[in-house]
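Chemist: Contents of protein-v5.txt (compact mmCIF, C-alpha atoms) are below:
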# COMPACT_ATOMS: atom_id res chain seq x y z
CA MET M 1 0.00 0.00 0.00
CA ALA M 2 1.82 3.09 -1.24
CA GLY M 3 0.09 5.45 1.19
CA LYS M 4 1.18 3.44 4.22
CA SER M 5 4.75 3.24 2.92
CA GLU M 6 4.95 7.00 2.42
CA VAL M 7 3.63 7.70 5.93
CA LEU M 8 6.12 5.24 7.42
CA LYS M 9 9.01 6.66 5.39
CA ALA M 10 8.24 10.23 6.50
CA LEU M 11 8.06 9.09 10.13
CA LEU M 12 11.16 6.86 10.12
CA ALA M 13 13.68 8.58 7.80
CA PRO M 14 14.64 11.25 10.40
CA VAL M 15 15.06 8.53 13.06
CA VAL M 16 17.41 6.51 10.85
CA LYS M 17 19.34 9.65 9.88
CA SER M 18 19.80 10.63 13.54
CA LEU M 19 21.58 7.29 14.03
CA GLY M 20 24.10 7.98 11.26
CA CYS M 21 22.45 5.92 8.53
CA GLU M 22 20.24 6.56 5.52
CA LEU M 23 16.79 5.07 5.04
CA TRP M 24 17.35 3.40 1.64
CA GLY M 25 13.80 2.12 1.43
CA LEU M 26 11.07 0.15 3.10
CA ASP M 27 8.61 -2.55 2.19
CA TRP M 28 5.29 -2.93 3.98
CA GLN M 29 3.44 -6.18 3.42
CA SER M 30 0.11 -6.86 5.04
CA HIS M 31 -0.93 -10.48 5.57
CA GLY M 32 -4.43 -10.35 7.04
CA ARG M 33 -4.03 -9.32 10.66
CA ASN M 34 -0.25 -9.69 10.51
CA GLY M 35 2.23 -7.54 8.66
CA LEU M 36 5.91 -7.32 7.79
CA LEU M 37 7.79 -4.04 7.82
CA ARG M 38 11.19 -4.45 6.17
CA ILE M 39 13.50 -1.44 6.49
CA TYR M 40 16.68 -1.11 4.42
CA ILE M 41 19.40 1.15 5.79
CA ASP M 42 22.67 2.23 4.21
CA ALA M 43 25.74 4.18 5.28
CA GLU M 44 28.88 5.39 3.52
CA ALA M 45 31.05 3.07 5.60
CA GLY M 46 28.65 0.17 5.12
CA VAL M 47 26.12 -1.32 7.52
CA ALA M 48 27.09 -3.63 10.38
CA VAL M 49 24.82 -5.90 12.42
CA GLU M 50 25.16 -3.43 15.31
CA ASP M 51 23.76 -0.64 13.09
CA CYS M 52 20.74 -2.78 12.24
CA ALA M 53 20.14 -3.60 15.91
CA LYS M 54 20.47 0.04 16.98
CA VAL M 55 18.10 1.25 14.24
CA SER M 56 15.65 -1.57 14.98
CA ARG M 57 15.46 -0.65 18.69
CA GLN M 58 14.92 3.04 17.93
CA ILE M 59 12.34 2.41 15.20
CA SER M 60 10.46 -0.01 17.46
CA ALA M 61 10.24 2.68 20.15
CA VAL M 62 8.99 5.28 17.65
CA LEU M 63 6.42 2.88 16.18
CA ASP M 64 5.18 1.99 19.68
CA VAL M 65 4.63 5.68 20.48
CA GLU M 66 3.26 6.85 17.11
CA ASP M 67 1.33 3.60 16.45
CA PRO M 68 0.97 4.01 12.63
CA ILE M 69 0.45 0.26 12.11
CA SER M 70 -2.63 -1.45 13.45
CA GLY M 71 -2.42 -5.11 14.37
CA HIS M 72 0.59 -7.36 14.74
CA TYR M 73 3.64 -6.95 12.57
CA THR M 74 7.24 -8.08 12.34
CA LEU M 75 10.00 -5.50 11.97
CA GLU M 76 13.15 -6.39 10.00
CA VAL M 77 16.08 -4.02 9.54
CA SER M 78 18.91 -4.86 7.14
CA SER M 79 21.35 -3.46 4.61
CA PRO M 80 20.18 -3.38 0.99
CA GLY M 81 22.66 -6.14 0.10
CA LEU M 82 24.15 -6.98 -3.29
CA ASP M 83 20.73 -7.36 -4.93
CA ARG M 84 19.83 -3.91 -3.63
CA PRO M 85 16.20 -2.89 -4.13
CA LEU M 86 15.63 0.37 -6.01
CA TYR M 87 12.74 2.61 -5.03
CA GLU M 88 13.28 6.13 -6.40
CA LEU M 89 14.58 7.69 -9.61
CA GLU M 90 17.65 9.04 -7.78
CA GLN M 91 18.55 5.49 -6.74
CA TYR M 92 18.21 4.26 -10.33
CA ARG M 93 20.39 7.19 -11.44
CA LEU M 94 23.16 6.00 -9.06
CA TYR M 95 23.22 2.59 -10.77
CA ILE M 96 23.25 3.53 -14.46
CA GLY M 97 25.32 0.86 -16.19
CA ALA M 98 24.23 -1.92 -13.82
CA GLN M 99 22.19 -4.98 -14.70
CA ILE M 100 18.75 -4.73 -13.11
CA GLU M 101 15.50 -6.62 -12.87
CA VAL M 102 12.15 -4.86 -12.63
CA ARG M 103 8.62 -6.09 -12.11
CA LEU M 104 5.94 -3.86 -13.59
CA ARG M 105 2.52 -3.21 -12.08
CA MET M 106 0.93 -3.96 -15.47
CA PRO M 107 2.35 -6.04 -18.36
CA LEU M 108 4.23 -4.34 -21.19
CA GLU M 109 4.27 -6.35 -24.42
CA GLY M 110 2.79 -9.26 -22.48
CA GLN M 111 5.32 -9.43 -19.65
CA ARG M 112 5.71 -7.93 -16.20
CA LYS M 113 9.29 -9.05 -15.42
CA TRP M 114 12.13 -7.38 -17.31
CA ARG M 115 15.91 -7.77 -17.04
CA GLY M 116 18.55 -5.68 -18.71
CA LEU M 117 21.09 -2.90 -18.50
CA LEU M 118 20.00 0.30 -16.80
CA ALA M 119 21.05 2.63 -19.63
CA GLY M 120 19.82 5.89 -18.12
CA VAL M 121 17.09 7.99 -16.57
CA GLU M 122 15.04 10.40 -18.67
CA GLY M 123 12.50 12.56 -16.90
CA GLU M 124 10.32 10.24 -14.81
CA GLU M 125 11.37 7.11 -16.73
CA ILE M 126 14.24 4.66 -16.64
CA VAL M 127 15.87 3.45 -19.85
CA LEU M 128 16.23 -0.34 -19.85
CA ARG M 129 18.39 -1.92 -22.57
CA VAL M 130 17.16 -5.50 -22.90
CA ASP M 131 19.57 -6.49 -25.67
CA SER M 132 21.81 -4.69 -28.15
CA GLU M 133 18.82 -3.56 -30.23
CA ASN M 134 15.94 -2.96 -27.81
CA GLU M 135 15.57 -0.18 -25.26
CA TYR M 136 12.42 0.49 -23.27
CA LEU M 137 11.34 3.60 -21.41
CA LEU M 138 9.66 2.48 -18.19
CA PRO M 139 7.86 5.13 -16.11
CA ILE M 140 8.96 4.96 -12.46
CA ASP M 141 5.28 4.81 -11.43
CA SER M 142 4.82 1.62 -13.50
CA ILE M 143 7.58 -0.22 -11.59
CA GLU M 144 6.30 -2.34 -8.72
CA LYS M 145 9.74 -3.60 -7.75
CA GLY M 146 13.29 -3.05 -8.98
CA ASN M 147 16.56 -4.71 -7.95
CA ILE M 148 20.22 -4.71 -8.91
CA ILE M 149 21.40 -8.03 -10.35
CA PRO M 150 24.74 -8.73 -8.66
CA GLN M 151 27.62 -9.17 -11.09
CA PHE M 152 30.46 -11.40 -9.98
CA GLY M 153 33.85 -11.72 -11.68
CA LYS M 154 33.54 -12.22 -15.41
CA SER M 155 35.37 -15.25 -16.72
CA SER M 156 37.63 -14.81 -19.70
CA GLY M 157 37.17 -17.52 -22.13
If you took the structure in this file and wrote it as structure tokens, what would it be?

Modeler:
Amino acid sequence: MAGKSEVLKALLAPVVKSLGCELWGLDWQSHGRNGLLRIYIDAEAGVAVEDCAKVSRQISAVLDVEDPISGHYTLEVSSPGLDRPLYELEQYRLYIGAQIEVRLRMPLEGQRKWRGLLAGVEGEEIVLRVDSENEYLLPIDSIEKGNIIPQFGKSSG
């Protein structure tokens, strides 16, 4: 639910920042009366387990006081990892040249999942190069989920 995510982000971003980290993004998933709030934090020097624990404790306290989530939920705090999720145009802009995977809200040419090279950002759209001949402009609002595809050492051969 985009509205819930925006409310949570506005509430929690200053808390995460006050602890020396950046709120990279969050995912809210509601499962009936239970929910899962997954918070991704980042920092220039990287994120250690202690950072996640510290942020988790502080966020838990804020959520207990502000009570923006009704019902039971699980809170998870982690680094974005190698397959880093991408949420905003600025984040996509940081990873131009990377291989990414996106899932669209609605199918484009019959498919929702796309993989390719993030070739650029134009206005409110990302440019996805699927192969040497095909590029697609995907509006940021049409992307349900985006992730970096980790690239490990290329073999010569």

Chemist: Near Arg112 in chain M, counting only C-alpha atoms, which residues have an atom at most 7 Å away, once you skip same-chain residues fewer than 6 positions from it, shown as a PyMOL selection string?

Modeler: chain M and resi 103-104+106

Chemist: Using all atoms listed in the file, what residues lie at most 6 Å away from (8.9, -6.0, 11.7) (file coordinates), given as a list in words?

Modeler: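 Taken together, the residues in range are Leu36, Leu37, Tyr73, Thr74, Leu75 and Glu76 of chain M.
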
Chemist: To one decimal in Å, tell me the separation between CA of Leu108 in chain M and CA of Asp131 in chain M.

Modeler: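 For CA of Leu108 in chain M relative to CA of Asp131 in chain M, the distance reads 16.1 Å.
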
Chemist: I need the residue nearest Lys113 in chain M from this list: M:Leu63, M:Ile143, M:Ile126, M:Ala13. Use all atoms listed in the file for the distance.

Modeler: M:Ile143

Chemist: Work out how far apart CA of Leu26 in chain M and CA of Gly3 in chain M are and give it in Å to one decimal.

Modeler: 12.3 Å

Chemist: Of the residues M:Gly120, M:Pro150, M:Gly35, M:Gly110, which is the one nearest to Gln91 in chain M, using only C-alpha atoms?

Modeler: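 Smallest separation from Gln91 in chain M among the options: M:Gly120.
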
Chemist: Output range 6-27 of chain M as a PDB file, in the coordinates of the input, making sure N, CA, C and O atoms are there.

Modeler:
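Contents of out-v9.pdb, freshly written:
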ATOM      1  N   GLU M   6       4.530   5.597   2.381  1.00  0.00           N
ATOM      2  CA  GLU M   6       4.950   7.000   2.420  1.00  0.00           C
ATOM      3  C   GLU M   6       4.853   7.580   3.827  1.00  0.00           C
ATOM      4  O   GLU M   6       5.727   8.324   4.259  1.00  0.00           O
ATOM      5  N   VAL M   7       3.794   7.236   4.547  1.00  0.00           N
ATOM      6  CA  VAL M   7       3.630   7.700   5.930  1.00  0.00           C
ATOM      7  C   VAL M   7       4.765   7.148   6.792  1.00  0.00           C
ATOM      8  O   VAL M   7       5.385   7.888   7.577  1.00  0.00           O
ATOM      9  N   LEU M   8       5.061   5.864   6.644  1.00  0.00           N
ATOM     10  CA  LEU M   8       6.120   5.240   7.420  1.00  0.00           C
ATOM     11  C   LEU M   8       7.485   5.843   7.085  1.00  0.00           C
ATOM     12  O   LEU M   8       8.295   6.104   7.974  1.00  0.00           O
ATOM     13  N   LYS M   9       7.731   6.090   5.810  1.00  0.00           N
ATOM     14  CA  LYS M   9       9.010   6.660   5.390  1.00  0.00           C
ATOM     15  C   LYS M   9       9.187   8.058   5.993  1.00  0.00           C
ATOM     16  O   LYS M   9      10.269   8.369   6.515  1.00  0.00           O
ATOM     17  N   ALA M  10       8.158   8.880   5.939  1.00  0.00           N
ATOM     18  CA  ALA M  10       8.240  10.230   6.500  1.00  0.00           C
ATOM     19  C   ALA M  10       8.495  10.190   8.007  1.00  0.00           C
ATOM     20  O   ALA M  10       9.237  11.003   8.549  1.00  0.00           O
ATOM     21  N   LEU M  11       7.908   9.229   8.682  1.00  0.00           N
ATOM     22  CA  LEU M  11       8.060   9.090  10.130  1.00  0.00           C
ATOM     23  C   LEU M  11       9.449   8.553  10.504  1.00  0.00           C
ATOM     24  O   LEU M  11      10.069   9.017  11.464  1.00  0.00           O
ATOM     25  N   LEU M  12       9.961   7.585   9.720  1.00  0.00           N
ATOM     26  CA  LEU M  12      11.160   6.860  10.120  1.00  0.00           C
ATOM     27  C   LEU M  12      12.477   7.391   9.556  1.00  0.00           C
ATOM     28  O   LEU M  12      13.528   7.195  10.161  1.00  0.00           O
ATOM     29  N   ALA M  13      12.433   8.084   8.410  1.00  0.00           N
ATOM     30  CA  ALA M  13      13.680   8.580   7.800  1.00  0.00           C
ATOM     31  C   ALA M  13      14.485   9.462   8.756  1.00  0.00           C
ATOM     32  O   ALA M  13      15.699   9.275   8.885  1.00  0.00           O
ATOM     33  N   PRO M  14      13.856  10.420   9.468  1.00  0.00           N
ATOM     34  CA  PRO M  14      14.640  11.250  10.400  1.00  0.00           C
ATOM     35  C   PRO M  14      15.254  10.433  11.544  1.00  0.00           C
ATOM     36  O   PRO M  14      16.344  10.746  12.017  1.00  0.00           O
ATOM     37  N   VAL M  15      14.559   9.397  11.982  1.00  0.00           N
ATOM     38  CA  VAL M  15      15.060   8.530  13.060  1.00  0.00           C
ATOM     39  C   VAL M  15      16.318   7.811  12.595  1.00  0.00           C
ATOM     40  O   VAL M  15      17.343   7.792  13.292  1.00  0.00           O
ATOM     41  N   VAL M  16      16.264   7.236  11.404  1.00  0.00           N
ATOM     42  CA  VAL M  16      17.410   6.510  10.850  1.00  0.00           C
ATOM     43  C   VAL M  16      18.579   7.466  10.646  1.00  0.00           C
ATOM     44  O   VAL M  16      19.720   7.152  10.994  1.00  0.00           O
ATOM     45  N   LYS M  17      18.292   8.651  10.130  1.00  0.00           N
ATOM     46  CA  LYS M  17      19.340   9.650   9.880  1.00  0.00           C
ATOM     47  C   LYS M  17      20.018  10.069  11.183  1.00  0.00           C
ATOM     48  O   LYS M  17      21.238  10.241  11.236  1.00  0.00           O
ATOM     49  N   SER M  18      19.240  10.210  12.248  1.00  0.00           N
ATOM     50  CA  SER M  18      19.800  10.630  13.540  1.00  0.00           C
ATOM     51  C   SER M  18      20.775   9.583  14.097  1.00  0.00           C
ATOM     52  O   SER M  18      21.593   9.892  14.958  1.00  0.00           O
ATOM     53  N   LEU M  19      20.695   8.364  13.586  1.00  0.00           N
ATOM     54  CA  LEU M  19      21.580   7.290  14.030  1.00  0.00           C
ATOM     55  C   LEU M  19      22.758   7.081  13.081  1.00  0.00           C
ATOM     56  O   LEU M  19      23.471   6.085  13.176  1.00  0.00           O
ATOM     57  N   GLY M  20      22.943   8.023  12.148  1.00  0.00           N
ATOM     58  CA  GLY M  20      24.100   7.980  11.260  1.00  0.00           C
ATOM     59  C   GLY M  20      23.929   7.116  10.032  1.00  0.00           C
ATOM     60  O   GLY M  20      24.913   6.781   9.364  1.00  0.00           O
ATOM     61  N   CYS M  21      22.716   6.747   9.710  1.00  0.00           N
ATOM     62  CA  CYS M  21      22.450   5.920   8.530  1.00  0.00           C
ATOM     63  C   CYS M  21      21.455   6.632   7.622  1.00  0.00           C
ATOM     64  O   CYS M  21      20.903   7.669   7.971  1.00  0.00           O
ATOM     65  N   GLU M  22      21.216   6.051   6.468  1.00  0.00           N
ATOM     66  CA  GLU M  22      20.240   6.560   5.520  1.00  0.00           C
ATOM     67  C   GLU M  22      19.137   5.520   5.353  1.00  0.00           C
ATOM     68  O   GLU M  22      19.424   4.324   5.275  1.00  0.00           O
ATOM     69  N   LEU M  23      17.899   5.976   5.334  1.00  0.00           N
ATOM     70  CA  LEU M  23      16.790   5.070   5.040  1.00  0.00           C
ATOM     71  C   LEU M  23      16.781   4.864   3.526  1.00  0.00           C
ATOM     72  O   LEU M  23      16.388   5.748   2.778  1.00  0.00           O
ATOM     73  N   TRP M  24      17.279   3.691   3.075  1.00  0.00           N
ATOM     74  CA  TRP M  24      17.350   3.400   1.640  1.00  0.00           C
ATOM     75  C   TRP M  24      15.957   3.132   1.093  1.00  0.00           C
ATOM     76  O   TRP M  24      15.608   3.551   0.004  1.00  0.00           O
ATOM     77  N   GLY M  25      15.152   2.426   1.870  1.00  0.00           N
ATOM     78  CA  GLY M  25      13.800   2.120   1.430  1.00  0.00           C
ATOM     79  C   GLY M  25      13.104   1.241   2.436  1.00  0.00           C
ATOM     80  O   GLY M  25      13.708   0.772   3.405  1.00  0.00           O
ATOM     81  N   LEU M  26      11.818   1.046   2.218  1.00  0.00           N
ATOM     82  CA  LEU M  26      11.070   0.150   3.100  1.00  0.00           C
ATOM     83  C   LEU M  26       9.993  -0.551   2.311  1.00  0.00           C
ATOM     84  O   LEU M  26       9.496  -0.057   1.307  1.00  0.00           O
ATOM     85  N   ASP M  27       9.688  -1.749   2.781  1.00  0.00           N
ATOM     86  CA  ASP M  27       8.610  -2.550   2.190  1.00  0.00           C
ATOM     87  C   ASP M  27       7.624  -2.860   3.295  1.00  0.00           C
ATOM     88  O   ASP M  27       8.005  -3.361   4.356  1.00  0.00           O
TER      89      ASP M  27
END
